[in-house]
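Worksheet: one structure, shown below.
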Amino acid sequence: MSASRIPKHRSHPTLLADLAHWVEDVAALTCPDSVHWCDGSDTEAEQLTRLLTDTGMLEPLHGDYPGCHLYRSHPNDVARVEHLTFVCTHDRSDAGPNNPWMAPAEAHARMDELFRGCMQGRTLYVIPYCMGPLDSPLSRCGVEITDSPYVVLNMRLMTRMGDAALARIERDGRFVKGLHSTGDLNPDRRFIMHFPEELTIKSFGSGYGGNALLGKKCHALRIASWQARDEGWLAEHMLLVAITNPAGETHYVAAAFPSACGKTNLAMLIPPASMPGWTVRTIGDDIAWLHPGADGRLWAINPEAGFFGVAPGTNPRSNRNAFDMIRKDTIFTNVAVTDEGRPWWDGLEGAPRTDWRGQPYDPANGPAAHPNARFTVSATNNPAYAAEAEHPQGVPLSAIIFGGRRRSLAPLVYEASDWVHGVLMGAGVASETTAAATGAVGVLRRDPMAMKPFCGYHFGDYWQHWINIGERLSHPPRIFHVNWFRQDAEGRFLWPGFGENLRVLAWILDRAQARGSAVETPIGHLPAPHDLPLQGLEIPSEVMEALLAIDVPGWHREFSQLREELSAYGDRLPSALRTRLDEALARLSA
Ligand code: OXD
Ligand code: MN
């Protein structure tokens, strides 16, 4: 396992030289005991799994969870760290007020100091990976260097990695460089640095997914959003789903919600029994790359090959597909374990014996599973995985949905009047914070397009780019906003959510085909309660009315506040958005 293995016989000498030199330079800086080029084979994964189980870092789970393992992270390393995540551009203003910034030279110097000698006694793994189907012109590749075998095993589930990706890198002639070390996990020595102008990422001091699996947030969102702006496409924090109605028509929908707001559940939705003939299949649950097609439609691929989902909240009632898919070949991180050695979190059968820290469970010490405990699993484990996820050209979108977790104000669903209004709707997304990032939970914050932590450049330029993309679409998807999380005065959810969300999706698809009816309001088009297919759902009419009501003074306050917040983007804020906001405020005042 530890033997150095440099691939031979490569057809692209220039690139390989670049790659080989970079690996040599990194090895000279970090001083690993050995270098291993990952081929992505089953044998390699078995060897790494054995290495981690032999050293006690992975724990095999009960026999009725074949191929499943538990990993416990350092207790201080359980989530993304937004305040330590930097975009390092030559011109500070290019990173925008939406990103922590550091000058590239200073960031490189700091990171190189941290990386100096950090892999002594460790193996340096080289992971060539492809984001998106290997044969798709829309896919982009990268190489991650890491000293964490846990990262290698996760990257193997989350991306197409190994020899096939290396062959694609040779054909492409370019790749994103990602350098990662867990270091000593000291939060004072933890940084996630992005150099979009150099297509480079340097991440030190964390093994947590969003900080360490560099193909995911760092490459497929922060760096890719920058690349996408230069190349004329969009990299978005969106699930992708195929919905087939009883008439047999299939439509594709992308939806952007902030982290831990139910993207995985929506992507794997099981229709309620009272909606026979509908099916929902998953293309992706977290990231979508959107390309204007020659036919004037917007086409989407999921660049990932697996799911890194939030475990708590997953159960046979909330998400049967996810529950079934994590019964084999899954890495669980920071869940609790039962007496029998089964993974556990609230809502599952059984009782926890050991908490996520590995201590005997005691409710006085907090929840048994960490609220941001995760599963990592191949997308092909999902019983509802859509074959279209492998299509090189992607799928054409009928609708784009934005949403957030808001206990008040935002109605169940509303529709933008056109693309630019939809961009404003996306810019106004706000959501209560969750455990996916460090910091307070449940605080309402603005999270435009659910991209606040992930857009690799100035939000003003990003919204202008969205507007430009819309101008290239003769058949743009319609844009909607949803909120599954409205509560009553006692804190009870008004809408049942989960499978019942299909009722809202059915209305959205009708509207996308210019079929369903709606009422025009100052914030957009809303369904009347009878416009939604509610057959078989027992929900009081006053609750439906509350879910679809417009609180005019509340929206006036909301838009006035949004106007003030958007002014932080200065003259890079597209004037079209300012105009649309002023018009909405005027409608509300009238
Ligand atoms: C994720 C996140 O892990 O958004 O997908 O934090
Ligand atoms: Mn996410």
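The chains in the structure tokens are called A, B, ... from first to last as shown; in each chain the residues are counted from 1, and the ligands are counted from 1 in the order shown.
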
Could you list the protein, DNA and RNA residues that have any atom within 12 Å of ligand 2, counting only C-alpha atoms and all ligand atoms, and write them as a PyMOL selection string?
chain A and resi 79-80+209-211+216-218+220-221+236-239+255-264+284-288+304+307-310+372+374+434-437+449-454

For the residues in that selection, give me C-alpha atoms as a compact mmCIF listing (two decimals), in the first residue's frame.
# COMPACT_ATOMS: atom_id res chain seq x y z
CA ALA A 79 -18.75 21.11 10.18
CA ARG A 80 -17.71 23.64 7.56
CA GLY A 209 -16.31 16.63 4.30
CA GLY A 210 -17.01 20.18 3.17
CA ASN A 211 -13.48 21.27 4.15
CA LYS A 216 -17.25 19.01 -3.47
CA LYS A 217 -17.72 22.54 -2.14
CA CYS A 218 -14.21 23.83 -2.90
CA ALA A 220 -17.58 21.99 -7.71
CA LEU A 221 -18.93 25.26 -6.23
CA GLU A 236 -25.07 25.95 -8.25
CA HIS A 237 -25.93 24.53 -4.81
CA MET A 238 -28.92 22.63 -6.21
CA LEU A 239 -30.49 19.21 -6.16
CA ALA A 255 -33.76 23.31 -6.47
CA ALA A 256 -31.42 25.43 -4.33
CA PHE A 257 -31.85 25.26 -0.55
CA PRO A 258 -29.23 26.08 2.07
CA SER A 259 -27.34 23.22 3.74
CA ALA A 260 -29.41 20.79 5.80
CA CYS A 261 -32.76 22.19 4.57
CA GLY A 262 -34.01 19.02 2.90
CA LYS A 263 -32.35 18.85 -0.54
CA THR A 264 -31.63 15.13 -0.11
CA GLY A 284 -28.32 14.83 -7.65
CA ASP A 285 -28.87 16.06 -4.10
CA ASP A 286 -26.43 18.96 -3.64
CA ILE A 287 -24.72 20.46 -6.69
CA ALA A 288 -25.82 21.15 -10.27
CA GLU A 304 -21.02 14.33 -8.03
CA PHE A 307 -24.27 11.64 -1.45
CA PHE A 308 -22.74 13.19 1.66
CA GLY A 309 -26.03 13.53 3.53
CA VAL A 310 -27.13 14.58 7.00
CA ASN A 372 -24.36 17.27 11.54
CA ARG A 374 -23.25 12.34 7.94
CA THR A 434 -28.19 24.83 10.61
CA ALA A 435 -25.48 22.60 12.09
CA ALA A 436 -23.83 22.13 8.66
CA ALA A 437 -21.58 25.08 9.49
CA MET A 449 -29.30 31.30 -4.15
CA ALA A 450 -28.20 29.17 -1.13
CA MET A 451 -24.68 30.14 -2.32
CA LYS A 452 -23.56 32.48 0.49
CA PRO A 453 -20.85 30.04 1.63
CA PHE A 454 -20.05 28.78 -1.86

As a list in words, which residues of stretch 393-442 of chain A does DSSP assign to strand (DSSP E or B)?
Val395, Pro396, Leu397, Ser398, Ala399, Ile400, Ile401, Phe402, Gly403, Val413, Tyr414, Glu415, Ala430, Ser431, Glu432 and Ala437 of chain A

I'd like the neighbourhood of stretch 383-385 of chain A as a ChimeraX atom specification, where a residue qualifies if any of its atoms comes within 7 Å (using only C-alpha atoms), though same-chain residues fewer than 6 positions away should be ignored.
/A:268,281-283,321,325

Using only C-alpha atoms, pick whichever of A:Val78, A:Ala300, A:Leu179, A:Cys118 has the shortest atom-to-atom distance to A:Leu138.
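Residue with the minimum atom-to-atom distance to A:Leu138: A:Ala300.
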
Distance table requested - stretch 179-276 of chain A against stretch 503-521 of chain A, cut-off 9 Å, only C-alpha atoms: one row per qualifying residue with the closest atom pair and its distance in Å to one decimal, ordered by chain and rising residue number, as a tab-separated table.
residue	atom	partner	partner_atom	distance
A:Ile243	CA	A:Leu505	CA	8.7
A:Asn245	CA	A:Ala506	CA	8.1
A:His251	CA	A:Leu509	CA	7.6
A:Val253	CA	A:Leu509	CA	8.8
A:Pro271	CA	A:Arg503	CA	9.0
A:Met275	CA	A:Arg503	CA	8.5

Preceding selection exported with all heavy atoms as a PDB file, in the first residue's frame:
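Okay, out-v6.pdb is ready:
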ATOM      1  N   ILE A 243     -39.117  14.192 -12.524  1.00  0.00           N
ATOM      2  CA  ILE A 243     -40.483  13.952 -12.021  1.00  0.00           C
ATOM      3  C   ILE A 243     -41.349  13.506 -13.202  1.00  0.00           C
ATOM      4  O   ILE A 243     -41.424  14.201 -14.220  1.00  0.00           O
ATOM      5  CB  ILE A 243     -41.074  15.236 -11.406  1.00  0.00           C
ATOM      6  CG1 ILE A 243     -40.131  15.778 -10.328  1.00  0.00           C
ATOM      7  CG2 ILE A 243     -42.462  14.979 -10.830  1.00  0.00           C
ATOM      8  CD1 ILE A 243     -40.543  17.133  -9.777  1.00  0.00           C
ATOM      9  N   ASN A 245     -45.185  12.470 -14.420  1.00  0.00           N
ATOM     10  CA  ASN A 245     -46.587  12.591 -13.990  1.00  0.00           C
ATOM     11  C   ASN A 245     -47.390  11.391 -14.494  1.00  0.00           C
ATOM     12  O   ASN A 245     -46.878  10.568 -15.260  1.00  0.00           O
ATOM     13  CB  ASN A 245     -47.164  13.945 -14.427  1.00  0.00           C
ATOM     14  CG  ASN A 245     -47.307  14.053 -15.940  1.00  0.00           C
ATOM     15  OD1 ASN A 245     -47.282  13.055 -16.640  1.00  0.00           O
ATOM     16  ND2 ASN A 245     -47.451  15.277 -16.424  1.00  0.00           N
ATOM     17  N   HIS A 251     -40.301  15.638 -16.345  1.00  0.00           N
ATOM     18  CA  HIS A 251     -39.727  16.985 -16.300  1.00  0.00           C
ATOM     19  C   HIS A 251     -38.578  16.982 -15.304  1.00  0.00           C
ATOM     20  O   HIS A 251     -38.593  16.237 -14.331  1.00  0.00           O
ATOM     21  CB  HIS A 251     -40.781  18.011 -15.872  1.00  0.00           C
ATOM     22  CG  HIS A 251     -41.764  18.268 -16.962  1.00  0.00           C
ATOM     23  ND1 HIS A 251     -41.541  19.188 -17.948  1.00  0.00           N
ATOM     24  CD2 HIS A 251     -42.943  17.675 -17.238  1.00  0.00           C
ATOM     25  CE1 HIS A 251     -42.558  19.165 -18.789  1.00  0.00           C
ATOM     26  NE2 HIS A 251     -43.427  18.247 -18.387  1.00  0.00           N
ATOM     27  N   VAL A 253     -36.173  19.216 -12.686  1.00  0.00           N
ATOM     28  CA  VAL A 253     -36.267  20.402 -11.837  1.00  0.00           C
ATOM     29  C   VAL A 253     -34.984  20.499 -11.012  1.00  0.00           C
ATOM     30  O   VAL A 253     -34.471  19.489 -10.523  1.00  0.00           O
ATOM     31  CB  VAL A 253     -37.495  20.267 -10.898  1.00  0.00           C
ATOM     32  CG1 VAL A 253     -37.532  21.383  -9.875  1.00  0.00           C
ATOM     33  CG2 VAL A 253     -38.794  20.242 -11.706  1.00  0.00           C
ATOM     34  N   PRO A 271     -43.764   9.651  -3.681  1.00  0.00           N
ATOM     35  CA  PRO A 271     -45.089  10.250  -3.800  1.00  0.00           C
ATOM     36  C   PRO A 271     -46.059   9.677  -2.762  1.00  0.00           C
ATOM     37  O   PRO A 271     -45.983   8.495  -2.423  1.00  0.00           O
ATOM     38  CB  PRO A 271     -45.538   9.869  -5.217  1.00  0.00           C
ATOM     39  CG  PRO A 271     -44.262   9.631  -5.956  1.00  0.00           C
ATOM     40  CD  PRO A 271     -43.316   9.051  -4.942  1.00  0.00           C
ATOM     41  N   MET A 275     -51.422  10.092  -4.567  1.00  0.00           N
ATOM     42  CA  MET A 275     -51.024  10.631  -5.879  1.00  0.00           C
ATOM     43  C   MET A 275     -50.482   9.494  -6.754  1.00  0.00           C
ATOM     44  O   MET A 275     -49.295   9.471  -7.116  1.00  0.00           O
ATOM     45  CB  MET A 275     -49.982  11.752  -5.704  1.00  0.00           C
ATOM     46  CG  MET A 275     -50.557  12.988  -5.045  1.00  0.00           C
ATOM     47  SD  MET A 275     -49.377  14.350  -4.958  1.00  0.00           S
ATOM     48  CE  MET A 275     -49.383  14.989  -6.622  1.00  0.00           C
TER      49      MET A 275
END

Name all residues at most 7 Å from A:Asn334 (count only C-alpha atoms; drop same-chain ones fewer than 3 positions away) and give them as a short mmCIF file (atom, residue, chain, number, x, y, z; two decimals) with N, CA and C atoms, in the first residue's frame.
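Below is the file that was written, around17.cif:
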data_model
loop_
_atom_site.label_atom_id
_atom_site.label_comp_id
_atom_site.auth_asym_id
_atom_site.auth_seq_id
_atom_site.Cartn_x
_atom_site.Cartn_y
_atom_site.Cartn_z
N TYR A 71 -16.98 6.32 11.36
CA TYR A 71 -15.78 7.13 11.57
C TYR A 71 -16.15 8.20 12.58
N ARG A 72 -15.30 8.40 13.58
CA ARG A 72 -15.53 9.50 14.54
C ARG A 72 -14.48 10.57 14.29
N SER A 73 -14.96 11.78 14.03
CA SER A 73 -14.00 12.85 13.77
C SER A 73 -13.51 13.42 15.11
N TRP A 356 -21.62 9.98 19.69
CA TRP A 356 -20.78 10.24 18.50
C TRP A 356 -19.32 10.46 18.87
N ALA A 369 -26.23 11.32 18.53
CA ALA A 369 -25.54 11.53 17.25
C ALA A 369 -25.32 13.02 17.11
N HIS A 370 -24.19 13.43 16.49
CA HIS A 370 -23.99 14.86 16.26
C HIS A 370 -25.06 15.36 15.28
N ALA A 373 -24.11 14.84 11.89
CA ALA A 373 -23.58 13.51 11.54
C ALA A 373 -23.94 13.21 10.09
N ARG A 374 -23.08 12.50 9.39
CA ARG A 374 -23.25 12.34 7.94
C ARG A 374 -23.18 10.88 7.52
#

Distance table requested - stretch 487-585 of chain A against stretch 465-474 of chain A, cut-off 12 Å, only C-alpha atoms: one row per qualifying residue with the closest atom pair and its distance in Å to one decimal, ordered by chain and rising residue number, as a tab-separated table.
residue	atom	partner	partner_atom	distance
A:Arg572	CA	A:His465	CA	11.1
A:Leu573	CA	A:His465	CA	10.9
A:Pro574	CA	A:Ile467	CA	8.6
A:Ser575	CA	A:Ile467	CA	10.9
A:Ala576	CA	A:Ile467	CA	8.9
A:Leu577	CA	A:Ile467	CA	9.5

I need the chosen residues saved as a PDB file, in the first residue's frame, with C-alpha atoms.
ATOM      1  CA  ARG A 572     -21.567  45.770  -9.167  1.00  0.00           C
ATOM      2  CA  LEU A 573     -25.208  45.171  -8.194  1.00  0.00           C
ATOM      3  CA  PRO A 574     -27.112  44.834 -11.498  1.00  0.00           C
ATOM      4  CA  SER A 575     -29.352  47.869 -11.892  1.00  0.00           C
ATOM      5  CA  ALA A 576     -32.130  45.552 -13.113  1.00  0.00           C
ATOM      6  CA  LEU A 577     -32.336  44.021  -9.636  1.00  0.00           C
TER       7      LEU A 577
END

Using only C-alpha atoms, determine which residues lie at most 9 Å from stretch 89-97 of chain A, disregarding the query and same-chain residues fewer than 3 positions distant; provide the list as a list in words.
Phe86, Pro100, Trp101, Met102, Ala103, Pro104, Ala105, His194, Phe195, Pro196, Glu197, Cys455, Gly456, Tyr457, His458, Phe459, Gly460, Asp461, Ala568 and Tyr569 of chain A

Could you save those same residues with N, CA and C atoms as a PDB file, in the first residue's frame?
ATOM      1  N   PHE A  86     -11.463  31.091   2.685  1.00  0.00           N
ATOM      2  CA  PHE A  86     -11.086  32.345   2.011  1.00  0.00           C
ATOM      3  C   PHE A  86     -11.109  32.190   0.491  1.00  0.00           C
ATOM      4  N   PRO A 100     -14.724  35.951   2.883  1.00  0.00           N
ATOM      5  CA  PRO A 100     -13.465  36.344   3.517  1.00  0.00           C
ATOM      6  C   PRO A 100     -12.370  36.317   2.449  1.00  0.00           C
ATOM      7  N   TRP A 101     -11.466  37.293   2.508  1.00  0.00           N
ATOM      8  CA  TRP A 101     -10.455  37.435   1.457  1.00  0.00           C
ATOM      9  C   TRP A 101      -9.057  37.485   2.063  1.00  0.00           C
ATOM     10  N   MET A 102      -8.074  36.959   1.342  1.00  0.00           N
ATOM     11  CA  MET A 102      -6.667  37.159   1.712  1.00  0.00           C
ATOM     12  C   MET A 102      -5.885  37.314   0.405  1.00  0.00           C
ATOM     13  N   ALA A 103      -4.842  38.145   0.411  1.00  0.00           N
ATOM     14  CA  ALA A 103      -4.029  38.318  -0.801  1.00  0.00           C
ATOM     15  C   ALA A 103      -3.369  36.978  -1.137  1.00  0.00           C
ATOM     16  N   PRO A 104      -3.335  36.591  -2.428  1.00  0.00           N
ATOM     17  CA  PRO A 104      -2.797  35.273  -2.790  1.00  0.00           C
ATOM     18  C   PRO A 104      -1.395  35.023  -2.241  1.00  0.00           C
ATOM     19  N   ALA A 105      -0.487  36.023  -2.330  1.00  0.00           N
ATOM     20  CA  ALA A 105       0.898  35.772  -1.896  1.00  0.00           C
ATOM     21  C   ALA A 105       0.923  35.467  -0.396  1.00  0.00           C
ATOM     22  N   HIS A 194      -8.939  29.325  -1.340  1.00  0.00           N
ATOM     23  CA  HIS A 194      -9.230  29.125  -2.763  1.00  0.00           C
ATOM     24  C   HIS A 194      -8.500  30.185  -3.573  1.00  0.00           C
ATOM     25  N   PHE A 195      -7.855  29.750  -4.650  1.00  0.00           N
ATOM     26  CA  PHE A 195      -7.154  30.662  -5.560  1.00  0.00           C
ATOM     27  C   PHE A 195      -7.794  30.474  -6.935  1.00  0.00           C
ATOM     28  N   PRO A 196      -8.970  31.087  -7.166  1.00  0.00           N
ATOM     29  CA  PRO A 196      -9.692  30.776  -8.412  1.00  0.00           C
ATOM     30  C   PRO A 196      -8.900  31.145  -9.653  1.00  0.00           C
ATOM     31  N   GLU A 197      -8.065  32.207  -9.575  1.00  0.00           N
ATOM     32  CA  GLU A 197      -7.297  32.596 -10.767  1.00  0.00           C
ATOM     33  C   GLU A 197      -6.256  31.539 -11.117  1.00  0.00           C
ATOM     34  N   CYS A 455     -20.224  30.797  -3.249  1.00  0.00           N
ATOM     35  CA  CYS A 455     -19.975  31.527  -4.493  1.00  0.00           C
ATOM     36  C   CYS A 455     -18.531  32.033  -4.454  1.00  0.00           C
ATOM     37  N   GLY A 456     -17.723  31.668  -5.457  1.00  0.00           N
ATOM     38  CA  GLY A 456     -16.297  31.997  -5.416  1.00  0.00           C
ATOM     39  C   GLY A 456     -15.969  33.388  -5.914  1.00  0.00           C
ATOM     40  N   TYR A 457     -16.942  34.259  -6.083  1.00  0.00           N
ATOM     41  CA  TYR A 457     -16.655  35.621  -6.533  1.00  0.00           C
ATOM     42  C   TYR A 457     -17.750  36.564  -6.078  1.00  0.00           C
ATOM     43  N   HIS A 458     -17.613  37.827  -6.466  1.00  0.00           N
ATOM     44  CA  HIS A 458     -18.488  38.918  -6.010  1.00  0.00           C
ATOM     45  C   HIS A 458     -19.950  38.636  -6.379  1.00  0.00           C
ATOM     46  N   PHE A 459     -20.831  38.686  -5.387  1.00  0.00           N
ATOM     47  CA  PHE A 459     -22.238  38.382  -5.645  1.00  0.00           C
ATOM     48  C   PHE A 459     -22.848  39.317  -6.711  1.00  0.00           C
ATOM     49  N   GLY A 460     -22.413  40.574  -6.749  1.00  0.00           N
ATOM     50  CA  GLY A 460     -22.960  41.493  -7.755  1.00  0.00           C
ATOM     51  C   GLY A 460     -22.674  40.964  -9.165  1.00  0.00           C
ATOM     52  N   ASP A 461     -21.415  40.519  -9.386  1.00  0.00           N
ATOM     53  CA  ASP A 461     -21.048  39.961 -10.695  1.00  0.00           C
ATOM     54  C   ASP A 461     -21.813  38.664 -10.963  1.00  0.00           C
ATOM     55  N   ALA A 568     -24.747  46.873  -0.260  1.00  0.00           N
ATOM     56  CA  ALA A 568     -23.358  46.512   0.072  1.00  0.00           C
ATOM     57  C   ALA A 568     -22.596  46.055  -1.174  1.00  0.00           C
ATOM     58  N   TYR A 569     -23.311  45.668  -2.227  1.00  0.00           N
ATOM     59  CA  TYR A 569     -22.637  45.191  -3.441  1.00  0.00           C
ATOM     60  C   TYR A 569     -22.324  46.326  -4.413  1.00  0.00           C
TER      61      TYR A 569
END

So, counting only C-alpha atoms and all ligand atoms, which residue among A:Gly215, A:Gly366, A:Pro276, A:Pro529 is closest to ligand 1?
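Looking only at the distances to ligand 1, the closest residue turns out to be A:Gly215.
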
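Residues with any atom within 7 Å of A:Cys38, counting only C-alpha atoms and excluding same-chain neighbours fewer than 6 positions away, are A:Tyr125, A:Val126, A:Ile127, A:Gly162.
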
Using only C-alpha atoms, can you tell me which of A:Trp233, A:Tyr65, A:Tyr414, A:Tyr150 comes closest to A:Thr330?
A:Tyr65

Could you write out, as number ranges by chain, all the residues of stretch 56-179 of chain A that DSSP marks as alpha helix (DSSP H)?
A: 92-95, 104-115, 149-158, 163-172

Go through A:Pro496, A:Gly306, A:Gly347, A:Pro316 and flag the residue nearest ligand 1, using only C-alpha atoms and all ligand atoms for the distances.
A:Gly306

Nearest to A:Leu114, restricted to only C-alpha atoms and choosing among A:Leu51, A:Cys141, A:Leu185, A:Leu266, comes out as A:Leu185

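When only C-alpha atoms are used to measure the gap to A:Val441, the shortest distance among A:Ile192, A:Pro371, A:Leu48, A:Pro303 belongs to A:Pro371.
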
Please identify all polymer residues within 10 Å of A:Glu24, counting only C-alpha atoms, omitting same-chain residues fewer than 6 positions from it, and present them as a list in words.
Asp18, Thr30 and Val35 of chain A

Output the selection as a tab-separated table (two decimals), in the first residue's frame - all heavy atoms for each residue.
chain	number	residue	atom	x	y	z
A	18	ASP	N	3.43	18.47	-15.76
A	18	ASP	CA	2.91	19.47	-14.84
A	18	ASP	C	2.40	18.80	-13.56
A	18	ASP	O	2.73	19.21	-12.44
A	18	ASP	CB	1.78	20.22	-15.57
A	18	ASP	CG	1.18	21.33	-14.72
A	18	ASP	OD1	1.88	21.79	-13.80
A	18	ASP	OD2	0.03	21.72	-14.98
A	30	THR	N	6.04	18.65	1.98
A	30	THR	CA	5.29	18.03	3.08
A	30	THR	C	6.01	16.81	3.68
A	30	THR	O	5.62	16.35	4.75
A	30	THR	CB	3.89	17.60	2.60
A	30	THR	OG1	4.04	16.69	1.49
A	30	THR	CG2	3.06	18.78	2.15
A	35	VAL	N	4.44	7.96	-1.38
A	35	VAL	CA	3.45	8.59	-2.27
A	35	VAL	C	2.63	7.48	-2.91
A	35	VAL	O	3.20	6.50	-3.39
A	35	VAL	CB	4.16	9.42	-3.36
A	35	VAL	CG1	3.15	9.96	-4.38
A	35	VAL	CG2	4.96	10.56	-2.73
